file data15.csv (CSV, C-alpha atoms and all ligand atoms)
chain,number,residue,atom,x,y,z
F,1,MET,CA,0.0,0.0,0.0
F,2,GLN,CA,1.3,3.5,-0.8
F,3,LYS,CA,-0.6,6.7,-0.3
F,4,ASN,CA,0.4,10.2,-1.3
F,5,ILE,CA,-0.9,13.5,0.3
F,6,THR,CA,0.1,17.0,-0.8
F,7,ALA,CA,-0.6,20.1,1.2
F,8,ARG,CA,0.0,23.6,-0.1
F,9,TYR,CA,-0.2,26.4,2.5
F,10,PRO,CA,0.8,30.0,2.3
F,11,SER,CA,2.9,32.2,4.6
F,12,ASN,CA,1.3,35.3,6.2
F,13,ILE,CA,2.5,38.7,7.3
F,14,ALA,CA,1.5,40.0,10.6
F,15,LEU,CA,0.0,43.5,10.7
F,16,VAL,CA,-0.4,43.5,14.5
F,17,LYS,CA,2.7,41.5,15.7
F,18,TYR,CA,2.9,38.5,17.9
F,19,TRP,CA,6.1,39.0,19.9
F,20,GLY,CA,6.4,37.3,23.3
F,21,LYS,CA,5.0,33.9,24.3
F,22,TYR,CA,4.4,31.8,27.4
F,23,GLY,CA,3.4,28.2,28.3
F,24,ASN,CA,3.0,25.9,25.3
F,25,GLN,CA,3.4,28.4,22.5
F,26,LEU,CA,0.7,30.8,23.7
F,27,PRO,CA,0.9,34.4,22.7
F,28,CYS,CA,1.4,37.3,25.1
F,29,ASN,CA,-0.9,39.3,22.9
F,30,PRO,CA,-3.3,38.8,20.0
F,31,SER,CA,-2.1,39.4,16.5
F,32,VAL,CA,-3.8,40.1,13.1
F,33,SER,CA,-2.3,39.0,9.8
F,34,LEU,CA,-2.7,39.2,6.0
F,35,THR,CA,-2.5,35.8,4.4
F,36,LEU,CA,-0.3,35.6,1.4
F,37,GLN,CA,-0.9,33.6,-1.8
F,38,LYS,CA,2.2,33.1,-3.9
F,39,ALA,CA,4.6,32.5,-1.1
F,40,PHE,CA,3.7,29.0,-0.1
F,41,THR,CA,5.1,25.7,1.1
F,42,GLU,CA,4.2,22.5,-0.6
F,43,THR,CA,4.6,19.4,1.4
F,44,LYS,CA,4.1,15.9,0.0
F,45,LEU,CA,3.9,12.8,2.1
F,46,ARG,CA,4.6,9.4,0.6
F,47,ILE,CA,3.1,7.0,3.1
F,48,SER,CA,3.8,3.2,3.0
F,49,GLU,CA,3.6,0.2,5.2
F,50,LYS,CA,6.4,0.1,7.7
F,51,ARG,CA,8.5,-3.0,8.1
F,52,GLU,CA,11.2,-1.9,10.6
F,53,LYS,CA,10.8,-0.9,14.2
F,54,GLY,CA,10.9,2.7,15.5
F,55,THR,CA,10.1,5.9,13.6
F,56,ALA,CA,10.7,5.9,9.9
F,57,VAL,CA,10.3,9.4,8.6
F,58,ALA,CA,12.7,10.9,6.0
F,59,PHE,CA,12.7,14.6,5.3
F,60,PHE,CA,13.7,16.3,2.1
F,61,PHE,CA,13.8,20.0,1.6
F,62,GLU,CA,14.0,21.2,-2.0
F,63,GLY,CA,14.9,17.7,-3.0
F,64,LYS,CA,17.8,17.2,-0.5
F,65,PRO,CA,18.0,15.9,3.0
F,66,LYS,CA,18.3,18.8,5.4
F,67,LYS,CA,19.3,17.7,8.9
F,68,ASP,CA,18.3,20.7,11.1
F,69,PHE,CA,15.0,21.1,9.3
F,70,GLY,CA,14.2,17.4,9.6
F,71,GLU,CA,15.0,17.3,13.2
F,72,ARG,CA,12.8,20.3,14.1
F,73,MET,CA,9.9,18.8,12.1
F,74,LEU,CA,10.3,15.4,13.7
F,75,ARG,CA,10.4,16.8,17.2
F,76,PHE,CA,7.2,18.7,16.4
F,77,LEU,CA,5.4,15.6,14.9
F,78,LYS,CA,6.4,13.3,17.7
F,79,ALA,CA,5.1,15.7,20.3
F,80,GLN,CA,1.5,15.5,18.9
F,81,PRO,CA,-0.6,12.5,20.1
F,82,GLU,CA,-2.7,13.0,17.0
F,83,PHE,CA,0.2,11.8,14.8
F,84,ALA,CA,1.3,8.9,17.0
F,85,GLY,CA,-0.5,6.2,15.0
F,86,LEU,CA,0.9,7.4,11.7
F,87,LEU,CA,4.4,7.6,13.0
F,88,THR,CA,4.2,4.1,14.7
F,89,ASN,CA,2.7,2.2,11.8
F,90,PHE,CA,3.9,3.8,8.6
F,91,SER,CA,7.1,4.7,6.8
F,92,ILE,CA,6.8,8.3,5.6
F,93,VAL,CA,8.8,10.4,3.2
F,94,VAL,CA,8.3,14.1,3.5
F,95,ASP,CA,9.2,16.3,0.5
F,96,THR,CA,9.0,20.0,1.1
F,97,HIS,CA,9.4,22.9,-1.4
F,98,ASN,CA,9.0,26.6,-0.9
F,99,SER,CA,7.7,28.8,-3.8
F,100,PHE,CA,10.0,31.6,-2.5
F,101,PRO,CA,13.7,31.8,-1.9
F,102,HIS,CA,15.2,31.3,1.6
F,103,SER,CA,16.0,34.5,3.6
F,104,ALA,CA,13.6,36.5,1.4
F,105,GLY,CA,11.8,38.2,4.3
F,106,ILE,CA,9.0,35.8,4.2
F,107,ALA,CA,8.2,33.6,7.3
F,108,SER,CA,9.0,30.2,5.9
F,109,SER,CA,8.2,28.6,9.3
F,110,ALA,CA,4.6,29.8,9.0
F,111,SER,CA,4.0,28.1,5.7
F,112,ALA,CA,6.1,25.1,6.5
F,113,PHE,CA,4.4,24.2,9.8
F,114,ALA,CA,0.9,24.9,8.3
F,115,ALA,CA,1.6,22.6,5.4
F,116,ILE,CA,3.1,19.7,7.3
F,117,THR,CA,0.4,19.9,10.0
F,118,ALA,CA,-2.4,19.8,7.4
F,119,ALA,CA,-0.8,17.0,5.5
F,120,PHE,CA,-0.3,14.8,8.7
F,121,LEU,CA,-3.7,15.6,10.0
F,122,LYS,CA,-5.3,14.6,6.7
F,123,ALA,CA,-3.2,11.4,6.7
F,124,SER,CA,-4.1,10.6,10.3
F,125,GLN,CA,-7.8,10.1,9.2
F,126,THR,CA,-9.1,10.9,12.7
F,127,GLU,CA,-12.7,12.2,12.9
F,128,ILE,CA,-12.4,16.0,13.0
F,129,THR,CA,-15.3,18.3,13.0
F,130,ASP,CA,-13.4,21.5,12.1
F,131,PHE,CA,-10.2,20.6,10.2
F,132,LYS,CA,-8.9,24.1,9.9
F,133,GLN,CA,-9.3,24.9,13.6
F,134,LYS,CA,-7.7,21.7,14.6
F,135,ALA,CA,-4.8,22.2,12.1
F,136,SER,CA,-4.4,25.8,13.3
F,137,SER,CA,-4.1,24.7,16.9
F,138,LEU,CA,-1.6,22.0,16.1
F,139,ALA,CA,0.5,24.1,13.7
F,140,ARG,CA,0.7,26.8,16.4
F,141,LEU,CA,2.8,24.3,18.5
F,142,GLY,CA,5.4,24.2,15.7
F,143,SER,CA,5.5,28.0,15.0
F,144,GLY,CA,3.1,30.4,16.4
F,145,SER,CA,2.5,32.4,13.3
F,146,ALA,CA,1.7,29.2,11.3
F,147,CYS,CA,-1.7,29.0,13.0
F,148,ARG,CA,-2.8,32.1,11.1
F,149,SER,CA,-2.2,30.6,7.6
F,150,PHE,CA,-5.4,28.6,7.5
F,151,TYR,CA,-7.7,31.5,6.9
F,152,GLY,CA,-7.6,34.6,4.6
F,153,PRO,CA,-7.5,37.3,3.6
F,154,PHE,CA,-7.1,38.3,7.3
F,155,SER,CA,-6.9,36.2,10.4
F,156,LEU,CA,-6.8,36.8,14.1
F,157,TRP,CA,-4.9,34.7,16.6
F,158,GLY,CA,-5.4,35.3,20.3
F,159,LYS,CA,-8.4,36.0,22.6
F,160,LEU,CA,-9.9,39.4,21.9
F,161,THR,CA,-13.2,40.3,23.6
F,162,GLU,CA,-14.6,42.0,20.5
F,163,ILE,CA,-14.4,38.8,18.4
F,164,GLN,CA,-16.5,36.0,19.5
F,165,GLY,CA,-14.8,32.6,19.3
F,166,SER,CA,-11.3,34.1,19.2
F,167,SER,CA,-8.8,32.1,21.1
F,168,ASP,CA,-5.1,31.9,22.2
F,169,GLN,CA,-5.1,28.2,21.0
F,170,PHE,CA,-5.9,28.8,17.3
F,171,ALA,CA,-6.6,31.5,14.8
F,172,VAL,CA,-10.0,32.5,13.4
F,173,PRO,CA,-10.9,34.2,10.2
F,174,LEU,CA,-11.9,37.9,10.2
F,175,LEU,CA,-15.1,37.8,8.3
F,176,ASP,CA,-16.3,41.4,8.3
F,177,ILE,CA,-13.9,42.9,5.7
F,178,HIS,CA,-14.8,46.0,3.6
F,179,PRO,CA,-14.6,45.3,-0.2
F,180,ASP,CA,-11.7,47.8,-0.4
F,181,PHE,CA,-9.5,45.5,1.7
F,182,ARG,CA,-10.4,42.3,-0.1
F,183,SER,CA,-7.6,42.4,-2.6
F,184,MET,CA,-4.5,43.7,-1.0
F,185,ARG,CA,-1.0,43.5,-2.5
F,186,ASP,CA,2.2,42.8,-0.6
F,187,THR,CA,5.4,43.6,-2.5
F,188,ILE,CA,8.4,42.5,-0.6
F,189,LEU,CA,11.6,44.4,-1.2
F,190,ILE,CA,14.6,42.3,-0.2
F,191,VAL,CA,17.6,44.4,0.8
F,192,GLU,CA,19.9,41.7,2.1
F,193,ASP,CA,19.9,38.0,1.4
F,194,ALA,CA,21.7,36.8,4.6
F,195,PRO,CA,19.8,34.4,6.9
F,196,LYS,CA,18.2,35.7,10.1
F,197,LYS,CA,20.7,36.9,12.7
F,198,VAL,CA,18.5,36.1,15.7
F,199,SER,CA,15.9,33.3,15.7
F,200,SER,CA,12.3,34.3,16.5
F,201,SER,CA,12.4,31.9,19.5
F,202,ALA,CA,15.3,33.9,20.9
F,203,GLY,CA,13.4,37.1,20.2
F,204,HIS,CA,10.2,36.0,21.9
F,205,ALA,CA,12.3,34.9,24.9
F,206,LEU,CA,13.7,38.4,25.2
F,207,MET,CA,10.2,39.7,25.9
F,208,ASN,CA,10.4,38.0,29.3
F,209,ASN,CA,11.2,40.8,31.8
F,210,HIS,CA,11.5,43.3,29.0
F,211,PRO,CA,11.1,46.7,30.6
F,212,TYR,CA,8.4,47.7,28.0
F,213,ALA,CA,6.6,44.4,27.8
F,214,ASP,CA,3.4,45.3,29.6
F,215,ALA,CA,2.9,48.5,27.6
F,216,ARG,CA,3.7,46.6,24.4
F,217,PHE,CA,1.1,43.8,25.1
F,218,LYS,CA,-1.6,46.4,26.0
F,219,ASP,CA,-0.8,48.4,22.9
F,220,ALA,CA,-1.1,45.3,20.7
F,221,VAL,CA,-4.6,44.4,22.2
F,222,LYS,CA,-5.7,48.0,21.4
F,223,HIS,CA,-4.3,47.8,17.9
F,224,CYS,CA,-6.0,44.5,17.1
F,225,GLY,CA,-9.4,46.1,18.0
F,226,GLU,CA,-8.7,49.2,16.0
F,227,LEU,CA,-7.3,47.4,13.0
F,228,ILE,CA,-10.3,45.0,12.9
F,229,SER,CA,-12.6,48.0,12.9
F,230,ALA,CA,-10.5,49.7,10.1
F,231,LEU,CA,-10.8,46.5,8.0
F,232,LYS,CA,-14.5,46.5,8.5
F,233,HIS,CA,-15.1,50.1,7.6
F,234,GLY,CA,-12.6,50.5,4.8
F,235,ASP,CA,-10.6,53.0,6.8
F,236,PHE,CA,-7.1,53.1,5.1
F,237,SER,CA,-5.9,55.9,7.3
F,238,SER,CA,-6.2,53.9,10.5
F,239,PHE,CA,-4.9,50.8,8.8
F,240,ILE,CA,-1.8,52.6,7.7
F,241,SER,CA,-1.0,54.2,11.1
F,242,ILE,CA,-1.6,51.0,13.1
F,243,THR,CA,0.3,48.8,10.6
F,244,GLU,CA,3.4,51.0,10.5
F,245,ARG,CA,3.4,51.7,14.2
F,246,GLU,CA,3.2,47.9,14.8
F,247,ALA,CA,6.2,47.3,12.5
F,248,LEU,CA,8.3,49.9,14.3
F,249,SER,CA,7.2,48.7,17.7
F,250,LEU,CA,8.3,45.2,16.9
F,251,HIS,CA,11.8,46.5,16.0
F,252,ALA,CA,11.8,48.8,19.0
F,253,MET,CA,11.3,45.8,21.3
F,254,MET,CA,14.3,44.1,19.7
F,255,MET,CA,16.4,47.3,20.0
F,256,THR,CA,15.5,47.7,23.7
F,257,SER,CA,15.8,44.1,24.9
F,258,LYS,CA,18.5,43.2,27.4
F,259,GLU,CA,20.4,41.5,24.6
F,260,TYR,CA,19.6,44.2,22.0
F,261,TYR,CA,19.9,43.8,18.3
F,262,LEU,CA,19.0,45.7,15.2
F,263,LEU,CA,17.7,44.0,12.0
F,264,MET,CA,17.0,47.1,9.9
F,265,ARG,CA,19.6,48.0,7.3
F,266,PRO,CA,20.3,51.5,6.0
F,267,GLN,CA,18.2,50.6,2.9
F,268,THR,CA,15.3,49.5,5.1
F,269,VAL,CA,15.2,53.0,6.7
F,270,GLN,CA,15.6,54.7,3.3
F,271,ILE,CA,12.7,52.8,1.8
F,272,ILE,CA,10.5,53.6,4.9
F,273,GLU,CA,11.3,57.3,4.4
F,274,GLN,CA,10.4,57.0,0.7
F,275,VAL,CA,7.1,55.4,1.6
F,276,PHE,CA,6.3,58.4,3.8
F,277,GLN,CA,7.3,60.8,1.0
F,278,PHE,CA,5.3,58.9,-1.6
F,279,ARG,CA,2.2,59.0,0.6
F,280,GLN,CA,2.6,62.7,1.2
F,281,GLU,CA,3.0,63.5,-2.4
F,282,THR,CA,0.4,61.2,-3.9
F,283,GLN,CA,-2.1,60.8,-0.9
F,284,LEU,CA,-2.3,57.1,-2.0
F,285,PRO,CA,-2.7,54.4,0.6
F,286,LEU,CA,0.7,52.8,0.4
F,287,CYS,CA,2.2,51.7,3.7
F,288,PHE,CA,5.0,49.4,4.9
F,289,THR,CA,5.4,46.6,7.4
F,290,LEU,CA,8.5,44.7,8.6
F,291,ASP,CA,8.9,41.1,9.7
F,292,ALA,CA,11.8,40.0,11.9
F,293,GLY,CA,14.3,41.0,9.2
F,294,SER,CA,15.5,43.8,7.0
F,295,SER,CA,13.1,43.3,4.1
F,296,VAL,CA,10.3,45.9,3.6
F,297,HIS,CA,6.8,44.7,2.8
F,298,LEU,CA,4.8,47.3,0.8
F,299,LEU,CA,1.1,46.9,1.5
F,300,TYR,CA,-1.5,48.6,-0.8
F,301,PRO,CA,-4.8,47.9,-2.4
F,302,ALA,CA,-4.7,46.3,-5.9
F,303,SER,CA,-6.4,49.5,-7.3
F,304,ILE,CA,-3.1,51.5,-7.0
F,305,GLN,CA,-0.8,48.7,-8.2
F,306,GLU,CA,0.5,50.7,-11.2
F,307,GLN,CA,1.4,53.8,-9.2
F,308,VAL,CA,3.2,51.7,-6.6
F,309,GLN,CA,5.1,49.8,-9.2
F,310,GLY,CA,6.5,53.2,-10.3
F,311,PHE,CA,7.6,53.7,-6.7
F,312,TRP,CA,9.8,50.7,-6.4
F,313,ALA,CA,10.6,49.7,-10.0
F,314,ASN,CA,13.8,51.7,-10.0
F,315,GLY,CA,15.0,49.3,-7.3
F,316,THR,CA,18.7,49.9,-7.6
F,317,ASP,CA,18.3,53.4,-6.2
F,318,LYS,CA,16.9,51.9,-3.1
F,319,GLY,CA,19.5,49.2,-2.8
F,320,ILE,CA,17.0,46.3,-3.4
F,321,LYS,CA,18.6,42.9,-4.0
F,322,SER,CA,15.4,41.4,-5.3
F,323,PHE,CA,11.6,41.6,-4.9
F,324,ILE,CA,8.6,39.4,-4.6
F,325,GLU,CA,5.1,40.5,-5.7
F,326,ASP,CA,2.5,38.8,-3.6
F,327,GLU,CA,-1.1,39.3,-2.8
F,328,SER,CA,-3.7,38.3,-0.2
F,329,GLY,CA,-5.0,34.8,-0.4
F,330,LEU,CA,-7.6,32.7,1.3
F,331,GLY,CA,-5.4,30.1,3.0
F,332,GLY,CA,-4.1,26.7,2.0
F,333,MET,CA,-5.5,23.4,0.8
F,334,ILE,CA,-4.8,19.7,0.4
F,335,ILE,CA,-4.2,19.2,-3.4
A,1,LIG,O1,5.9,32.2,14.6
A,1,LIG,P1,7.2,32.6,15.1
A,1,LIG,O2,7.6,32.0,16.4
A,1,LIG,O3,8.3,32.5,14.0
A,1,LIG,O4,7.1,34.2,15.4
A,1,LIG,C1,6.8,35.1,14.5
A,1,LIG,C2,7.1,36.5,14.9
A,1,LIG,C3,6.9,37.6,13.9
A,1,LIG,O5,6.9,37.1,12.6
A,1,LIG,C4,7.9,38.6,14.1
A,1,LIG,C5,5.5,38.3,14.1
A,1,LIG,C6,4.3,37.6,13.7
A,1,LIG,O6,3.2,37.8,14.3
A,1,LIG,O7,4.3,36.8,12.7

call {"tool": "encode", "arguments": {"input": "data15.csv", "output": "structure tokens"}}
result
Amino acid sequence: MQKNITARYPSNIALVKYWGKYGNQLPCNPSVSLTLQKAFTETKLRISEKREKGTAVAFFFEGKPKKDFGERMLRFLKAQPEFAGLLTNFSIVVDTHNSFPHSAGIASSASAFAAITAAFLKASQTEITDFKQKASSLARLGSGSACRSFYGPFSLWGKLTEIQGSSDQFAVPLLDIHPDFRSMRDTILIVEDAPKKVSSSAGHALMNNHPYADARFKDAVKHCGELISALKHGDFSSFISITEREALSLHAMMMTSKEYYLLMRPQTVQIIEQVFQFRQETQLPLCFTLDAGSSVHLLYPASIQEQVQGFWANGTDKGIKSFIEDESGLGGMII
């Protein structure tokens, strides 16, 4: 017997950032994200009868074995009772590909954990009433941000009084979205192609006893409520101020932690200044966000795509190494 399952799940970019965690991967504050479409991970499982004793899972990343990636994935899979039957009884080859290059300013752990979780959950054939919710809560245990990749174009992770059914355990879709926010673009300007200097786990840990932690967590709760309202009412002005302030707050936390660090590069700051200038000159709703890296995500509605292209197309002026043009998506699927 041989069975194949392929899962394709996208990455997402946080607008209100998750930064700081406790317990078993629970967030210190709620977060809201935009689900991407073109930046995805495809994970294929080849499942066959197992003859040997012990776990038999082989991991391939972009066609090659990758030790650290395989070890992290296996640790995650073994920790989930839901996957115990599969791991005990079958031999599994896991083949993973990303649609985007490594170190491109896109959270590969979000799409990778979403895809592997969905594939294993599908393969485990347990009775599940809400597949997405279950997958979201399991994927969260691999990488917090992964739990938001199951819904789109916007999702919320973390308990927020305004949103019924929201939870720290899994993400929920944000359903009340104004038409103007239903087709957002994210153009990622990559200014440096080096791998991450500080892992996000180390970054989250630096929020423990951070002098500004309490104020940051309160601010994020407030921002989630305000952003959800902006998305509902088509209010770009609030969307822009919350999103940009969130990006800078995330980096401010890094810069003011006990072991401080700085991920922005001179080109990052230059592009941010140019976004401000572009907005002032054109009054068009272009804004930026940052992930835990130096790349700049330009966020804007599809309706102003042409004007925004004019802004970044002369990339060499801005010191851009490369770029990725992505847009909002509705989450992943088993294909
Ligand atoms: O999911 P993690 O543990 O890689 O953390 C993600 C943290 C940020 O990308 C910086 C913010 C977020 O909410 O995605």

call {"tool": "closest_atom_pairs", "arguments": {"input": "data15.csv", "of": "chain F", "to": "ligand LIG 1 (chain A)", "cutoff": "7 Å", "atoms": "all atoms listed in the file", "output": "Markdown table"}}
result
| residue | atom | partner | partner_atom | distance |
| --- | --- | --- | --- | --- |
| F:Ile13 | CA | A:LIG1 | O7 | 6.0 |
| F:Ala14 | CA | A:LIG1 | O6 | 4.6 |
| F:Val16 | CA | A:LIG1 | O6 | 6.7 |
| F:Lys17 | CA | A:LIG1 | O6 | 4.0 |
| F:Tyr18 | CA | A:LIG1 | O6 | 3.7 |
| F:Trp19 | CA | A:LIG1 | C2 | 5.7 |
| F:Ser31 | CA | A:LIG1 | O6 | 6.0 |
| F:Ala107 | CA | A:LIG1 | O5 | 6.5 |
| F:Ser109 | CA | A:LIG1 | O3 | 6.1 |
| F:Ala110 | CA | A:LIG1 | O1 | 6.2 |
| F:Ser143 | CA | A:LIG1 | O1 | 4.2 |
| F:Gly144 | CA | A:LIG1 | O1 | 3.8 |
| F:Ser145 | CA | A:LIG1 | O1 | 3.6 |
| F:Ala146 | CA | A:LIG1 | O1 | 6.1 |
| F:Ser200 | CA | A:LIG1 | O3 | 5.0 |
| F:Ser201 | CA | A:LIG1 | O2 | 5.7 |
| F:Asp291 | CA | A:LIG1 | C4 | 5.2 |
| F:Ala292 | CA | A:LIG1 | C4 | 4.7 |

call {"tool": "atom_distance", "arguments": {"input": "data15.csv", "atom1": "CA of Leu156 in chain F", "atom2": "CA of Ile128 in chain F"}}
result
21.6 Å

call {"tool": "closest_residue", "arguments": {"input": "data15.csv", "among": "F:Leu26, F:Ile92, F:Val198, F:Ala139", "to": "Arg51 in chain F", "atoms": "only C-alpha atoms"}}
result
F:Ile92

call {"tool": "residues_around", "arguments": {"input": "data15.csv", "residues": "Val308 in chain F", "least_positions_apart": "4", "cutoff": "12 Å", "atoms": "all atoms listed in the file", "output": "compact mmCIF listing (two decimals) with C-alpha atoms, keeping the file's coordinate frame"}}
result
# COMPACT_ATOMS: atom_id res chain seq x y z
CA ARG F 185 -1.00 43.50 -2.50
CA ASP F 186 2.20 42.80 -0.60
CA THR F 187 5.40 43.60 -2.50
CA GLN F 274 10.40 57.00 0.70
CA VAL F 275 7.10 55.40 1.60
CA PHE F 278 5.30 58.90 -1.60
CA ARG F 279 2.20 59.00 0.60
CA THR F 282 0.40 61.20 -3.90
CA GLN F 283 -2.10 60.80 -0.90
CA LEU F 284 -2.30 57.10 -2.00
CA PRO F 285 -2.70 54.40 0.60
CA LEU F 286 0.70 52.80 0.40
CA CYS F 287 2.20 51.70 3.70
CA PHE F 288 5.00 49.40 4.90
CA LEU F 298 4.80 47.30 0.80
CA LEU F 299 1.10 46.90 1.50
CA TYR F 300 -1.50 48.60 -0.80
CA PRO F 301 -4.80 47.90 -2.40
CA ALA F 302 -4.70 46.30 -5.90
CA SER F 303 -6.40 49.50 -7.30
CA ILE F 304 -3.10 51.50 -7.00
CA TRP F 312 9.80 50.70 -6.40
CA ALA F 313 10.60 49.70 -10.00
CA ASN F 314 13.80 51.70 -10.00
CA GLU F 325 5.10 40.50 -5.70

call {"tool": "residues_around", "arguments": {"input": "data15.csv", "residues": "Arg148 in chain F", "least_positions_apart": "3", "cutoff": "7 Å", "atoms": "only C-alpha atoms", "output": "NGL selection string"}}
result
:F and (136 or 145 or 151 or 155-157 or 171)

call {"tool": "atom_distance", "arguments": {"input": "data15.csv", "atom1": "CA of Gln37 in chain F", "atom2": "CA of Glu192 in chain F"}}
result
22.7 Å

call {"tool": "atom_distance", "arguments": {"input": "data15.csv", "atom1": "CA of Phe276 in chain F", "atom2": "CA of Gly105 in chain F"}}
result
20.9 Å

call {"tool": "closest_residue", "arguments": {"input": "data15.csv", "among": "F:Ala112, F:Ile240, F:Ile190, F:Ile177", "to": "Arg265 in chain F", "atoms": "all atoms listed in the file"}}
result
F:Ile190

call {"tool": "closest_residue", "arguments": {"input": "data15.csv", "among": "F:Val191, F:Ala115, F:Ala135, F:Leu206", "to": "Ser294 in chain F", "atoms": "all atoms listed in the file"}}
result
F:Val191

call {"tool": "closest_residue", "arguments": {"input": "data15.csv", "among": "F:Met184, F:Val269, F:Ala119, F:Leu330", "to": "Gln305 in chain F", "atoms": "only C-alpha atoms"}}
result
F:Met184

call {"tool": "residues_around", "arguments": {"input": "data15.csv", "residues": "Ser124 in chain F", "least_positions_apart": "5", "cutoff": "9 Å", "atoms": "all atoms listed in the file", "output": "count of residues only"}}
result
6
